[in-house]
Amino acid sequence: MQNPPDSSSSVHQTHSDPECGFRVGKRVHWIGDTRRIGTVKYVGPVEGFSGTWVGVDWDNEGDGKHDGSHNGVKYFDARGLKTASFVRPHNLSSGISLLQALEVRYRTVSTKEEEDEMYVLSARNKRVSIELLGKEKIQDKMSQFEELTSASLSYLGVSSAGSPSLISSTLPHLKELDLTGNLLAEWNDVGIICKALPFLAALNLSCNSLSPDITTMPQLNNIRILVLNHTGVIWKQVEMLKDSLPCIEELHLLGNKLREITAVSTTAVQGFDFLRCLNLEDNYIADWAEILKLSQLKSLEQLFLNKNDLNRIWYPDYGTTHKLDNGCESLDKNPMPFNTLQCLLLGGNKIEDLDSIDSLNSFPNLVDIRLSENPIADIGKGGVPRFVLIARLAKVETLNGSEVSPRERKDSEIRYVRLVMSKFHDNPEEITRLHPRFAELKKIHGIEDERPLTGATGPQKMASGLISVSLKCVGASIGEKPPVMKKLPATTTVGKLKNLCQSFFKLKSVKPVLFLQEEDSPLPILLEDDMASLIELGVGNESTILVNEES
């Protein structure tokens, strides 16, 4: 079939053909390729061709050929310009039951790719490979399915539950079930599967296009982990699931284009009494006020917000008084916001202000923070180096996935105090306003104000600001050269140091590139601002600077 034009001159009426076996809205996959999944949008004739055709809007961009049009006729609306196809019914499958998929996966010889799909999810939504008990025996005898505690049935075309009693008798001990990338669309089928598996604690439904109607879900007291990544689920549906999952501990909602947290009846999300981990990564949340609606979740320990659109964060007012209708005042009796939160991942957002960083000190138990891939943590975008973040965050124990050791904390705080003193030594009011922890850190580490001696001349004045730096060549074409220890004024700029390195190492026709190698930092920090001084960039006494070559 030839490709249609970009625009359409008319709209074709959708037909229904019961003999075809497909209906509009049905989830299908291509015969022989269970990863090519889509939704039926049209069933009927196509002008210029005989017989019945099924119009499919595929999930993956590029799996189709057009936008639901052919020869100027619009048959249906597709998601994109190249997501739709017209397909003969015999080339499509509407799926199989759970137990049929179980036989396909475990009673046939599995490929390496299928073996790679056998995993469960960790608390951080990472894959952990699983070893299936008695797998070789299972391939010989159906009765050995009873030994399974974990099963991965991803991308097998599961579209229905099948017999609940047969599921119960076949998989009596199943605790973890991965149904990623199947054709499940109705929550009723999900409920049947869960009720038939009384020990099921972890369920992954990622990449299934689920109906917004959740009224048919039964109460599932054993489910502890539910993964709904890339399912299109919005928070209103999550609220509807709340009563069905009274014991849920982990909820993963990655990649669902969420923009808001729509709480029911109150401004804050209520319930979810045992929820410890909430994953909202890779969504479209831009307003921190939406996240504050989660502040009263009484057991929440981990909140994953990487790859959203947040540009500012703050800690809500607590313990304030409110004027009542009778004129009296009432103290806010809600629990302290985010009282149990220990881990907050904010990587890949748009945070660029230090006030947002300082506000993290107000979270009572927050010790694990991710800020990487934000402007505030990118020196090249006007951000600050790691040592400044550590010094400003009083309680952080893990920053950007790397442990903050006691030594790194001490060194970072001392470097930070000296940096602030070098910039604002004559303006204490400005220090108090811009650096809330400065006075506290100065006292903790016993740092005195550094003032030049009366009548000190140039060399004496400069000596008080000298720092010892190790310069180490790492460029491939530079060759092996022993490290050089140099005492330099803390005010030396990066550009000046590059020129000095050319002299120290006799570099001809090589443009040096400098990196600060910090002991507890996983990667060296590029020093790319030639006008910035060493002290401004956090280069302290006995720091190591790597000298590379410009590529």
# chains A, B, ... in the order shown; residues from 1 in each chain; ligands from 1
>>> residues_around(residues="range 300-310 of chain A", least_positions_apart="5", cutoff="6 Å", atoms="only C-alpha atoms", output="list in words")
Leu275, Arg276, Cys277, Leu278, Asn279, Leu280, Glu281, Asp282, Asn283, Tyr284, Ile285, Ala286, Thr340, Leu341, Gln342, Cys343, Leu344, Leu345, Leu346, Gly347, Gly348, Asn349 and Lys350 of chain A
>>> residues_around(residues="Lys498 in chain A", least_positions_apart="4", cutoff="8 Å", atoms="only C-alpha atoms", output="ChimeraX atom specification")
/A:494,502,512-514
>>> select_by_dssp(residues="range 377-487 of chain A", states="alpha helix (DSSP H)", output="compact mmCIF listing (two decimals) with C-alpha atoms, in the first residue's frame")
# COMPACT_ATOMS: atom_id res chain seq x y z
CA ARG A 386 30.53 19.73 44.82
CA PHE A 387 32.34 21.09 47.89
CA VAL A 388 30.01 24.11 48.03
CA LEU A 389 26.93 21.87 47.89
CA ILE A 390 28.31 19.68 50.68
CA ALA A 391 29.12 22.69 52.86
CA ARG A 392 25.67 24.22 52.38
CA PRO A 406 33.72 12.83 57.29
CA ARG A 407 37.01 13.93 55.74
CA GLU A 408 35.34 15.24 52.58
CA ARG A 409 32.81 17.13 54.68
CA LYS A 410 35.50 18.76 56.81
CA ASP A 411 37.63 19.71 53.79
CA SER A 412 34.59 21.02 51.91
CA GLU A 413 33.39 23.17 54.78
CA ILE A 414 36.82 24.68 55.40
CA ARG A 415 37.30 25.43 51.69
CA TYR A 416 33.84 26.95 51.55
CA VAL A 417 34.48 29.25 54.53
CA ARG A 418 37.77 30.45 53.06
CA LEU A 419 36.07 31.04 49.70
CA VAL A 420 33.37 33.17 51.30
CA MET A 421 35.95 35.10 53.35
CA SER A 422 37.96 35.86 50.22
CA LYS A 423 34.92 37.38 48.54
CA PHE A 424 33.00 39.10 51.33
CA PRO A 428 29.30 40.71 56.99
CA GLU A 429 25.65 41.57 56.22
CA GLU A 430 26.03 40.17 52.70
CA ILE A 431 27.64 37.02 54.08
CA THR A 432 24.73 36.43 56.48
CA ARG A 433 22.20 36.90 53.70
CA LEU A 434 23.87 34.78 51.03
CA PHE A 438 28.97 30.56 57.20
CA ALA A 439 29.07 31.68 60.86
CA GLU A 440 28.23 28.16 62.08
CA LEU A 441 30.99 26.56 59.97
CA LYS A 442 33.52 29.22 60.89
CA LYS A 443 32.92 28.44 64.55
CA ILE A 444 32.91 24.64 64.09
CA GLY A 458 53.12 42.77 48.16
CA PRO A 459 55.09 39.54 48.77
CA GLN A 460 54.06 39.27 52.44
CA LYS A 461 50.42 39.94 51.61
CA MET A 462 50.39 37.42 48.81
CA ALA A 463 52.09 34.69 50.90
>>> select_by_dssp(residues="range 283-357 of chain A", states="strand (DSSP E or B)", output="list of chain:residue names")
A:Gln302, A:Leu303, A:Phe304, A:Thr321, A:His322, A:Lys323, A:Glu329, A:Ser330, A:Leu331, A:Cys343, A:Leu344, A:Leu345
>>> closest_residue(among="A:Met336, A:Ile193, A:Ala532, A:Leu537", to="Asn365 in chain A", atoms="only C-alpha atoms")
A:Met336
>>> residues_around(residues="Asp57 in chain A", least_positions_apart="6", cutoff="7 Å", atoms="only C-alpha atoms", output="PyMOL selection string")
chain A and resi 38-41+78+83-85
>>> residues_around(residues="Val28 in chain A", least_positions_apart="5", cutoff="8 Å", atoms="only C-alpha atoms", output="PDB file with C-alpha atoms, in the first residue's frame")
ATOM      1  CA  ILE A  37       2.236  -3.164  19.858  1.00  0.00           C
ATOM      2  CA  GLY A  38      -0.586  -0.817  18.981  1.00  0.00           C
ATOM      3  CA  THR A  39      -4.253   0.080  19.345  1.00  0.00           C
ATOM      4  CA  VAL A  40      -6.969  -0.648  16.787  1.00  0.00           C
ATOM      5  CA  LEU A  92      -2.409  -9.252  13.973  1.00  0.00           C
ATOM      6  CA  SER A  93      -2.849 -10.977  17.315  1.00  0.00           C
ATOM      7  CA  SER A  94      -5.157  -9.849  20.097  1.00  0.00           C
ATOM      8  CA  GLY A  95      -3.120 -11.780  22.648  1.00  0.00           C
ATOM      9  CA  GLY A 157       1.099 -10.635  24.240  1.00  0.00           C
ATOM     10  CA  LEU A 183      -1.726  -6.134  25.872  1.00  0.00           C
TER      11      LEU A 183
END
